[in-house]
>>> print(open('model.cif').read())   # mmCIF, C-alpha atoms and all ligand atoms
data_input
#
loop_
_atom_site.label_atom_id
_atom_site.label_comp_id
_atom_site.auth_asym_id
_atom_site.auth_seq_id
_atom_site.Cartn_x
_atom_site.Cartn_y
_atom_site.Cartn_z
CA MET A 91 0.00 0.00 0.00
CA GLU A 92 1.30 3.49 -0.79
CA ARG A 93 2.20 5.96 1.85
CA MET A 94 -0.64 8.45 2.11
CA THR A 95 0.77 11.68 0.75
CA GLY A 96 -1.19 14.82 1.38
CA TYR A 97 -0.49 18.12 -0.25
CA ASN A 98 2.97 18.75 1.19
CA ASP A 99 6.10 20.84 0.95
CA SER A 100 7.33 19.22 -2.25
CA THR A 101 4.02 19.67 -4.01
CA ALA A 102 3.46 23.12 -2.48
CA GLY A 103 6.27 24.53 -4.66
CA ASN A 104 4.48 23.40 -7.82
CA SER A 105 1.99 25.97 -9.08
CA VAL A 106 -0.31 23.34 -10.65
CA PHE A 107 -0.73 21.63 -7.28
CA ARG A 108 -1.14 24.94 -5.50
CA ASP A 109 -3.90 25.99 -7.87
CA LEU A 110 -5.47 22.54 -7.70
CA LYS A 111 -5.43 22.58 -3.92
CA ASP A 112 -7.10 26.01 -3.93
CA GLU A 113 -9.80 24.74 -6.28
CA LEU A 114 -10.37 21.63 -4.18
CA ASP A 115 -10.42 23.62 -0.93
CA GLY A 116 -13.16 25.73 -2.50
CA LEU A 117 -15.17 22.59 -3.21
CA GLY A 118 -14.46 21.17 0.26
CA TYR A 119 -12.30 18.29 -1.04
CA GLY A 120 -9.20 16.98 0.72
CA PHE A 121 -6.32 16.49 -1.71
CA TYR A 122 -3.83 13.62 -1.84
CA TYR A 123 -1.18 13.16 -4.47
CA THR A 124 1.52 10.58 -5.08
CA PRO A 125 3.69 10.24 -8.22
CA GLU A 126 2.97 6.51 -8.45
CA ALA A 127 0.17 4.35 -7.03
CA ALA A 128 -0.74 0.71 -7.48
CA SER A 129 -4.42 1.69 -7.75
CA THR A 130 -5.91 5.02 -6.71
CA ASN A 131 -9.15 3.18 -5.80
CA ASP A 132 -7.23 0.91 -3.41
CA TRP A 133 -5.32 3.89 -2.07
CA ALA A 134 -8.59 5.75 -1.37
CA ALA A 135 -10.03 2.62 0.30
CA ALA A 136 -6.98 2.31 2.56
CA ALA A 137 -7.15 6.01 3.41
CA CYS A 138 -10.82 5.59 4.23
CA ARG A 139 -10.01 2.73 6.63
CA ASN A 140 -7.44 5.02 8.23
CA GLY A 141 -10.06 7.67 8.91
CA CYS A 142 -9.60 9.99 5.93
CA GLY A 143 -12.32 12.68 5.73
CA CYS A 144 -14.81 13.05 2.87
CA PRO A 145 -14.93 14.20 0.20
CA ALA A 146 -11.33 13.68 -0.90
CA LEU A 147 -9.44 13.39 -4.17
CA PHE A 148 -6.57 10.94 -4.76
CA LEU A 149 -4.42 11.78 -7.75
CA THR A 150 -1.44 10.02 -9.26
CA ASP A 151 0.79 10.39 -12.33
CA SER A 152 1.13 6.68 -12.96
CA GLN A 153 -0.72 3.58 -11.85
CA THR A 154 0.95 0.17 -11.80
CA ASN A 155 -1.85 -2.21 -10.79
CA GLY A 156 -5.05 -0.35 -11.62
CA LYS A 157 -8.42 -2.05 -11.74
CA GLY A 158 -10.99 -1.84 -14.50
CA ARG A 159 -14.61 -2.98 -14.54
CA LEU A 160 -15.42 -6.68 -14.64
CA GLY A 161 -12.02 -7.75 -13.27
CA ARG A 162 -9.97 -6.13 -16.03
CA SER A 163 -6.76 -4.19 -15.36
CA TRP A 164 -6.13 -0.51 -16.04
CA SER A 165 -2.58 0.76 -15.89
CA ALA A 166 -1.52 4.33 -16.52
CA GLU A 167 1.82 5.65 -17.73
CA LYS A 168 3.23 8.89 -16.41
CA GLY A 169 1.92 11.88 -18.36
CA ALA A 170 -0.35 9.86 -20.63
CA SER A 171 -3.50 9.73 -18.49
CA LEU A 172 -5.37 11.64 -15.85
CA THR A 173 -5.80 9.06 -13.08
CA PHE A 174 -7.72 9.79 -9.92
CA SER A 175 -10.26 8.54 -7.41
CA ILE A 176 -12.69 10.40 -5.24
CA LEU A 177 -13.96 9.30 -1.86
CA ILE A 178 -17.44 10.50 -0.95
CA ARG A 179 -20.24 9.79 1.47
CA PRO A 180 -23.32 8.60 -0.44
CA GLU A 181 -26.45 10.60 0.24
CA CYS A 182 -29.05 7.93 -0.44
CA ILE A 183 -30.27 4.58 0.81
CA SER A 184 -27.85 1.71 0.18
CA GLU A 185 -29.95 0.21 -2.67
CA ARG A 186 -29.46 3.44 -4.65
CA ILE A 187 -25.66 3.63 -4.30
CA PRO A 188 -25.06 2.09 -7.76
CA CYS A 189 -26.66 5.24 -9.25
CA TYR A 190 -23.47 7.16 -8.46
CA THR A 191 -21.94 5.29 -11.39
CA GLU A 192 -24.32 7.05 -13.77
CA VAL A 193 -24.28 10.36 -11.86
CA PHE A 194 -20.52 10.53 -12.22
CA GLY A 195 -20.58 9.46 -15.89
CA LEU A 196 -23.01 12.29 -16.57
CA SER A 197 -20.83 14.85 -14.75
CA LEU A 198 -17.69 13.68 -16.52
CA CYS A 199 -19.28 13.79 -19.96
CA THR A 200 -20.80 17.23 -19.31
CA ALA A 201 -17.44 18.54 -18.06
CA LEU A 202 -15.55 17.28 -21.12
CA ARG A 203 -18.14 18.80 -23.44
CA SER A 204 -17.89 22.12 -21.61
CA LEU A 205 -14.14 22.04 -22.28
CA GLY A 206 -14.67 21.53 -26.00
CA VAL A 207 -14.87 17.75 -26.39
CA GLU A 208 -18.15 18.32 -28.18
CA LYS A 209 -18.69 14.75 -29.33
CA ALA A 210 -18.22 13.14 -25.91
CA MET A 211 -20.99 10.61 -25.23
CA ILE A 212 -21.71 8.10 -22.45
CA LYS A 213 -21.69 4.37 -23.10
CA TRP A 214 -23.75 2.83 -20.32
CA PRO A 215 -23.02 2.83 -17.51
CA ASN A 216 -20.21 5.39 -17.56
CA ASP A 217 -17.57 4.94 -20.25
CA ILE A 218 -16.92 8.10 -22.21
CA VAL A 219 -16.63 7.62 -25.95
CA VAL A 220 -15.84 10.00 -28.79
CA SER A 221 -16.57 8.98 -32.39
CA GLY A 222 -17.01 5.36 -31.36
CA LYS A 223 -13.79 5.08 -29.32
CA LYS A 224 -13.31 4.98 -25.57
CA ILE A 225 -11.39 7.82 -23.95
CA SER A 226 -12.28 7.23 -20.31
CA GLY A 227 -13.40 4.49 -17.93
CA THR A 228 -14.71 4.67 -14.38
CA LEU A 229 -14.88 2.07 -11.63
CA THR A 230 -17.20 2.69 -8.68
CA GLU A 231 -16.68 0.69 -5.49
CA THR A 232 -18.01 0.83 -1.96
CA ALA A 233 -15.50 1.23 0.87
CA SER A 234 -15.46 -1.44 3.60
CA ASP A 235 -18.96 -0.58 4.78
CA LEU A 236 -21.57 1.18 2.66
CA SER A 237 -20.97 4.56 4.27
CA ARG A 238 -18.37 5.67 1.74
CA ILE A 239 -17.90 5.15 -1.97
CA ILE A 240 -14.91 5.39 -4.22
CA ILE A 241 -15.23 6.54 -7.81
CA GLY A 242 -12.05 6.05 -9.81
CA THR A 243 -11.47 7.35 -13.31
CA GLY A 244 -8.82 7.16 -15.96
CA ILE A 245 -8.95 9.66 -18.82
CA ASN A 246 -6.64 9.09 -21.79
CA LEU A 247 -4.79 12.35 -22.35
CA THR A 248 -2.45 11.19 -25.11
CA LYS A 249 -2.24 8.13 -27.31
CA LYS A 250 0.54 6.76 -25.11
CA ALA A 251 -2.27 5.92 -22.66
CA TYR A 252 -3.15 2.72 -24.53
CA PRO A 253 -1.24 0.12 -26.55
CA ASN A 254 -1.21 0.44 -30.33
CA GLU A 255 -3.20 -2.74 -30.76
CA LEU A 256 -6.16 -1.07 -29.01
CA ALA A 257 -6.13 1.93 -31.38
CA TYR A 258 -9.22 0.57 -33.18
CA LYS A 259 -11.28 1.08 -30.02
CA ALA A 260 -9.43 3.59 -27.84
CA SER A 261 -8.66 7.26 -28.27
CA SER A 262 -7.42 10.18 -26.23
CA LEU A 263 -8.13 13.85 -25.68
CA GLU A 264 -5.14 14.90 -27.80
CA GLU A 265 -6.54 12.93 -30.75
CA CYS A 266 -10.20 13.80 -30.56
CA SER A 267 -10.31 17.40 -29.37
CA TYR A 268 -8.43 20.67 -29.30
CA LEU A 269 -8.39 20.41 -25.52
CA GLN A 270 -4.88 20.89 -24.18
CA PRO A 271 -4.58 18.14 -21.59
CA ASP A 272 -4.54 20.42 -18.55
CA ILE A 273 -5.26 18.38 -15.45
CA LEU A 274 -6.19 21.36 -13.30
CA CYS A 275 -8.79 22.52 -15.79
CA ILE A 276 -10.25 19.05 -16.35
CA LEU A 277 -10.39 18.06 -12.68
CA SER A 278 -11.92 21.34 -11.70
CA ALA A 279 -14.66 21.05 -14.35
CA VAL A 280 -15.36 17.40 -13.49
CA LEU A 281 -15.67 18.00 -9.74
CA LYS A 282 -17.76 21.17 -10.12
CA ASN A 283 -20.20 19.30 -12.35
CA PHE A 284 -20.21 16.33 -10.02
CA GLU A 285 -20.97 18.50 -6.99
CA LYS A 286 -23.97 19.99 -8.85
CA ASP A 287 -25.22 16.64 -10.12
CA ARG A 288 -24.84 14.82 -6.84
CA GLU A 289 -26.86 17.53 -5.14
CA ILE A 290 -29.65 17.04 -7.69
CA PHE A 291 -29.40 13.27 -7.14
CA ALA A 292 -29.48 13.66 -3.34
CA ARG A 293 -32.72 15.70 -3.44
CA SER A 294 -34.76 12.74 -4.68
CA GLY A 295 -32.26 9.94 -4.00
CA SER A 296 -32.83 8.79 -7.56
CA MET A 297 -31.92 9.58 -11.17
CA LYS A 298 -35.38 11.11 -11.68
CA ASP A 299 -34.12 14.65 -12.36
CA LEU A 300 -30.94 13.59 -14.15
CA ALA A 301 -32.17 10.80 -16.43
CA HIS A 302 -33.31 13.15 -19.20
CA ARG A 303 -29.86 14.78 -19.47
CA TYR A 304 -28.15 11.40 -19.15
CA ASP A 305 -30.27 9.91 -21.94
CA SER A 306 -29.46 12.83 -24.23
CA LEU A 307 -25.78 11.84 -23.99
CA LEU A 308 -26.27 8.08 -24.11
CA VAL A 309 -24.62 6.56 -27.15
CA ASN A 310 -26.58 3.30 -26.76
CA ILE A 311 -29.87 4.88 -27.76
CA GLY A 312 -31.08 3.87 -31.21
CA ARG A 313 -28.21 1.44 -31.79
CA LYS A 314 -28.26 -2.28 -31.58
CA THR A 315 -26.80 -3.18 -28.18
CA THR A 316 -25.76 -6.54 -26.74
CA ILE A 317 -25.67 -6.95 -22.98
CA THR A 318 -23.43 -9.70 -21.67
CA GLU A 319 -23.42 -10.84 -18.07
CA ASN A 320 -21.95 -14.06 -16.64
CA GLY A 321 -21.56 -15.47 -20.15
CA ASN A 322 -25.21 -14.81 -21.15
CA SER A 323 -25.97 -12.31 -23.90
CA VAL A 324 -29.11 -10.54 -24.91
CA SER A 325 -29.49 -8.24 -27.93
CA GLY A 326 -31.87 -5.37 -28.49
CA ARG A 327 -32.07 -1.61 -28.22
CA ALA A 328 -31.80 0.73 -25.24
CA THR A 329 -34.25 3.57 -24.80
CA GLY A 330 -32.67 5.25 -21.75
CA ILE A 331 -32.22 4.74 -18.01
CA ASP A 332 -34.85 4.55 -15.29
CA GLU A 333 -34.88 6.24 -11.87
CA LEU A 334 -32.47 3.63 -10.52
CA GLY A 335 -29.95 4.04 -13.34
CA ARG A 336 -30.93 0.73 -14.93
CA LEU A 337 -30.79 0.51 -18.70
CA ILE A 338 -34.28 0.29 -20.20
CA PHE A 339 -33.85 -2.33 -22.86
CA GLN A 340 -36.14 -3.68 -25.54
CA LYS A 341 -35.14 -7.19 -26.52
CA GLU A 342 -35.33 -8.28 -30.16
CA ASN A 343 -38.51 -10.27 -29.36
CA GLY A 344 -40.12 -7.04 -28.07
CA GLU A 345 -39.87 -7.88 -24.37
CA ARG A 346 -38.85 -4.91 -22.20
CA ILE A 347 -36.28 -5.55 -19.47
CA LEU A 348 -34.29 -3.44 -16.99
CA VAL A 349 -30.56 -4.11 -16.92
CA HIS A 350 -28.71 -3.55 -13.61
CA SER A 351 -25.21 -4.58 -14.62
CA GLY A 352 -23.16 -6.22 -17.33
CA GLU A 353 -21.12 -5.26 -20.35
CA ALA A 354 -22.95 -3.31 -23.06
CA SER A 355 -21.44 -3.63 -26.51
CA VAL A 356 -22.94 -1.22 -28.97
CA SER A 357 -23.00 -1.71 -32.72
CA GLY A 358 -20.55 0.71 -34.36
CA ILE A 359 -18.90 1.52 -31.02
CA TYR A 360 -15.79 -0.48 -30.05
C1 LIG B 401 -13.14 0.44 -16.96
O1 LIG B 401 -13.47 1.06 -17.97
O2 LIG B 401 -13.00 -0.79 -16.97
C2 LIG B 401 -12.93 1.20 -15.67
C3 LIG B 401 -11.53 1.71 -15.55
C4 LIG B 401 -11.31 2.46 -14.24
C5 LIG B 401 -9.86 2.87 -14.08
C6 LIG B 401 -9.66 3.84 -12.96
S1 LIG B 401 -8.06 4.58 -13.03
C7 LIG B 401 -8.27 5.26 -11.45
C8 LIG B 401 -9.00 4.24 -10.62
N1 LIG B 401 -8.10 3.34 -9.94
C9 LIG B 401 -8.24 2.08 -10.36
O3 LIG B 401 -7.59 1.10 -9.95
N2 LIG B 401 -9.20 2.03 -11.32
C10 LIG B 401 -9.80 3.32 -11.54
#
>>> encode(input="model.cif", output="structure tokens")
Amino acid sequence: MERMTGYNDSTAGNSVFRDLKDELDGLGYGFYYTPEAASTNDWAAAACRNGCGCPALFLTDSQTNGKGRLGRSWSAEKGASLTFSILIRPECISERIPCYTEVFGLSLCTALRSLGVEKAMIKWPNDIVVSGKKISGTLTETASDLSRIIIGTGINLTKKAYPNELAYKASSLEECSYLQPDILCILSAVLKNFEKDREIFARSGSMKDLAHRYDSLLVNIGRKTTITENGNSVSGRATGIDELGRLIFQKENGERILVHSGEASVSGIY
């Protein structure tokens, strides 16, 4: 486990960290940075066990043993990705905690669009895709009890973020936008949007007031989608999400189902 490094004397001399800390202070976030982490999600979980306050941001330059969804790995090379996790206290009943996956995906997509990544879309539940290729993935986990959650994201800044053989399905901000990969600017926009969206979510404890915006950014809509879970696949079309963040899905035989989890592969999208 990494040593927990707060904003400290070595980072204090760096203007990016100083500005970032000021931004995060303004939003009420604690700030932790380390040049290299095994996994920022695991780091946040360990910090949580050690009594770290909420909300807090855990940022690293490179990740050596990162975790992706569905047991996959997610590493990050120095300078190629923006890699961070946030630790928050959920403001809903435990059954609704999975909705934070969609809340955060919505905030992230909105933030990237506001910075000029105009074609950013959400692939359910919270991948961000541009022109059919993935530029960001997010893994949401609960800390040891259900009183805290960890939302960890990797955003590809440059094409060094992924191996060449994945170029058919991965992209990066440098390739698909004019956005200069400025971590201060991106993090600030993401967290500001997330603070707004999680307040809207907390009012009803559901996606009720966010689903319309989420659906408008959902790349699954109108495209043939296949959901795979535990080796079983079902094909059809998605029409949006419901109040609990489940994908509303019309099977090819016309039957309507609600999908809680699984891998959604979308025709024309990686
Ligand atoms: C996915 O698309 O499979 C989700 C990828 C999530 C990766 C991020 S990088 C920061 C955080 N720490 C981890 O170990 N994983 C998440």
>>> residues_near_ligand(input="model.cif", ligand="ligand LIG 401 (chain B)", cutoff="8 Å", atoms="all atoms listed in the file", output="PyMOL selection string")
chain A and resi 128-132+153+155-166+173-175+217+226-230+241-245
>>> write_last_selection(input="model.cif", atoms="C-alpha atoms", output="PDB file, in the frame of the given file")
ATOM      1  CA  ALA A 128      -0.740   0.710  -7.480  1.00  0.00           C
ATOM      2  CA  SER A 129      -4.420   1.690  -7.750  1.00  0.00           C
ATOM      3  CA  THR A 130      -5.910   5.020  -6.710  1.00  0.00           C
ATOM      4  CA  ASN A 131      -9.150   3.180  -5.800  1.00  0.00           C
ATOM      5  CA  ASP A 132      -7.230   0.910  -3.410  1.00  0.00           C
ATOM      6  CA  GLN A 153      -0.720   3.580 -11.850  1.00  0.00           C
ATOM      7  CA  ASN A 155      -1.850  -2.210 -10.790  1.00  0.00           C
ATOM      8  CA  GLY A 156      -5.050  -0.350 -11.620  1.00  0.00           C
ATOM      9  CA  LYS A 157      -8.420  -2.050 -11.740  1.00  0.00           C
ATOM     10  CA  GLY A 158     -10.990  -1.840 -14.500  1.00  0.00           C
ATOM     11  CA  ARG A 159     -14.610  -2.980 -14.540  1.00  0.00           C
ATOM     12  CA  LEU A 160     -15.420  -6.680 -14.640  1.00  0.00           C
ATOM     13  CA  GLY A 161     -12.020  -7.750 -13.270  1.00  0.00           C
ATOM     14  CA  ARG A 162      -9.970  -6.130 -16.030  1.00  0.00           C
ATOM     15  CA  SER A 163      -6.760  -4.190 -15.360  1.00  0.00           C
ATOM     16  CA  TRP A 164      -6.130  -0.510 -16.040  1.00  0.00           C
ATOM     17  CA  SER A 165      -2.580   0.760 -15.890  1.00  0.00           C
ATOM     18  CA  ALA A 166      -1.520   4.330 -16.520  1.00  0.00           C
ATOM     19  CA  THR A 173      -5.800   9.060 -13.080  1.00  0.00           C
ATOM     20  CA  PHE A 174      -7.720   9.790  -9.920  1.00  0.00           C
ATOM     21  CA  SER A 175     -10.260   8.540  -7.410  1.00  0.00           C
ATOM     22  CA  ASP A 217     -17.570   4.940 -20.250  1.00  0.00           C
ATOM     23  CA  SER A 226     -12.280   7.230 -20.310  1.00  0.00           C
ATOM     24  CA  GLY A 227     -13.400   4.490 -17.930  1.00  0.00           C
ATOM     25  CA  THR A 228     -14.710   4.670 -14.380  1.00  0.00           C
ATOM     26  CA  LEU A 229     -14.880   2.070 -11.630  1.00  0.00           C
ATOM     27  CA  THR A 230     -17.200   2.690  -8.680  1.00  0.00           C
ATOM     28  CA  ILE A 241     -15.230   6.540  -7.810  1.00  0.00           C
ATOM     29  CA  GLY A 242     -12.050   6.050  -9.810  1.00  0.00           C
ATOM     30  CA  THR A 243     -11.470   7.350 -13.310  1.00  0.00           C
ATOM     31  CA  GLY A 244      -8.820   7.160 -15.960  1.00  0.00           C
ATOM     32  CA  ILE A 245      -8.950   9.660 -18.820  1.00  0.00           C
TER      33      ILE A 245
END
>>> atom_distance(input="model.cif", atom1="atom CA of Ser296 of chain A", atom2="atom CA of Val309 of chain A")
21.4 Å
>>> atom_distance(input="model.cif", atom1="atom CA of Arg336 of chain A", atom2="atom CA of Pro215 of chain A")
8.6 Å
>>> residues_near_point(input="model.cif", point="(1.0, 4.7, -18.3)", cutoff="8 Å", atoms="only C-alpha atoms", output="PyMOL selection string")
chain A and resi 152-154+165-171+250-252
>>> atom_distance(input="model.cif", atom1="atom CA of Glu333 of chain A", atom2="atom CA of Ala301 of chain A")
7.0 Å
>>> closest_residue(input="model.cif", among="A:Leu149, A:Thr248, A:Leu117, A:Lys223", to="Tyr268 of chain A", atoms="all atoms listed in the file")
A:Thr248
>>> closest_residue(input="model.cif", among="A:Arg139, A:Lys213, A:Lys259, A:His302", to="Ser355 of chain A", atoms="all atoms listed in the file")
A:Lys213
>>> residues_around(input="model.cif", residues="Asp112 of chain A", least_positions_apart="5", cutoff="12 Å", atoms="all atoms listed in the file", output="ChimeraX atom specification")
/A:97,102,105-107,117-121,274,278
>>> write_last_selection(input="model.cif", atoms="C-alpha atoms", output="PDB file, keeping the file's coordinate frame")
ATOM      1  CA  TYR A  97      -0.490  18.120  -0.250  1.00  0.00           C
ATOM      2  CA  ALA A 102       3.460  23.120  -2.480  1.00  0.00           C
ATOM      3  CA  SER A 105       1.990  25.970  -9.080  1.00  0.00           C
ATOM      4  CA  VAL A 106      -0.310  23.340 -10.650  1.00  0.00           C
ATOM      5  CA  PHE A 107      -0.730  21.630  -7.280  1.00  0.00           C
ATOM      6  CA  LEU A 117     -15.170  22.590  -3.210  1.00  0.00           C
ATOM      7  CA  GLY A 118     -14.460  21.170   0.260  1.00  0.00           C
ATOM      8  CA  TYR A 119     -12.300  18.290  -1.040  1.00  0.00           C
ATOM      9  CA  GLY A 120      -9.200  16.980   0.720  1.00  0.00           C
ATOM     10  CA  PHE A 121      -6.320  16.490  -1.710  1.00  0.00           C
ATOM     11  CA  LEU A 274      -6.190  21.360 -13.300  1.00  0.00           C
ATOM     12  CA  SER A 278     -11.920  21.340 -11.700  1.00  0.00           C
TER      13      SER A 278
END
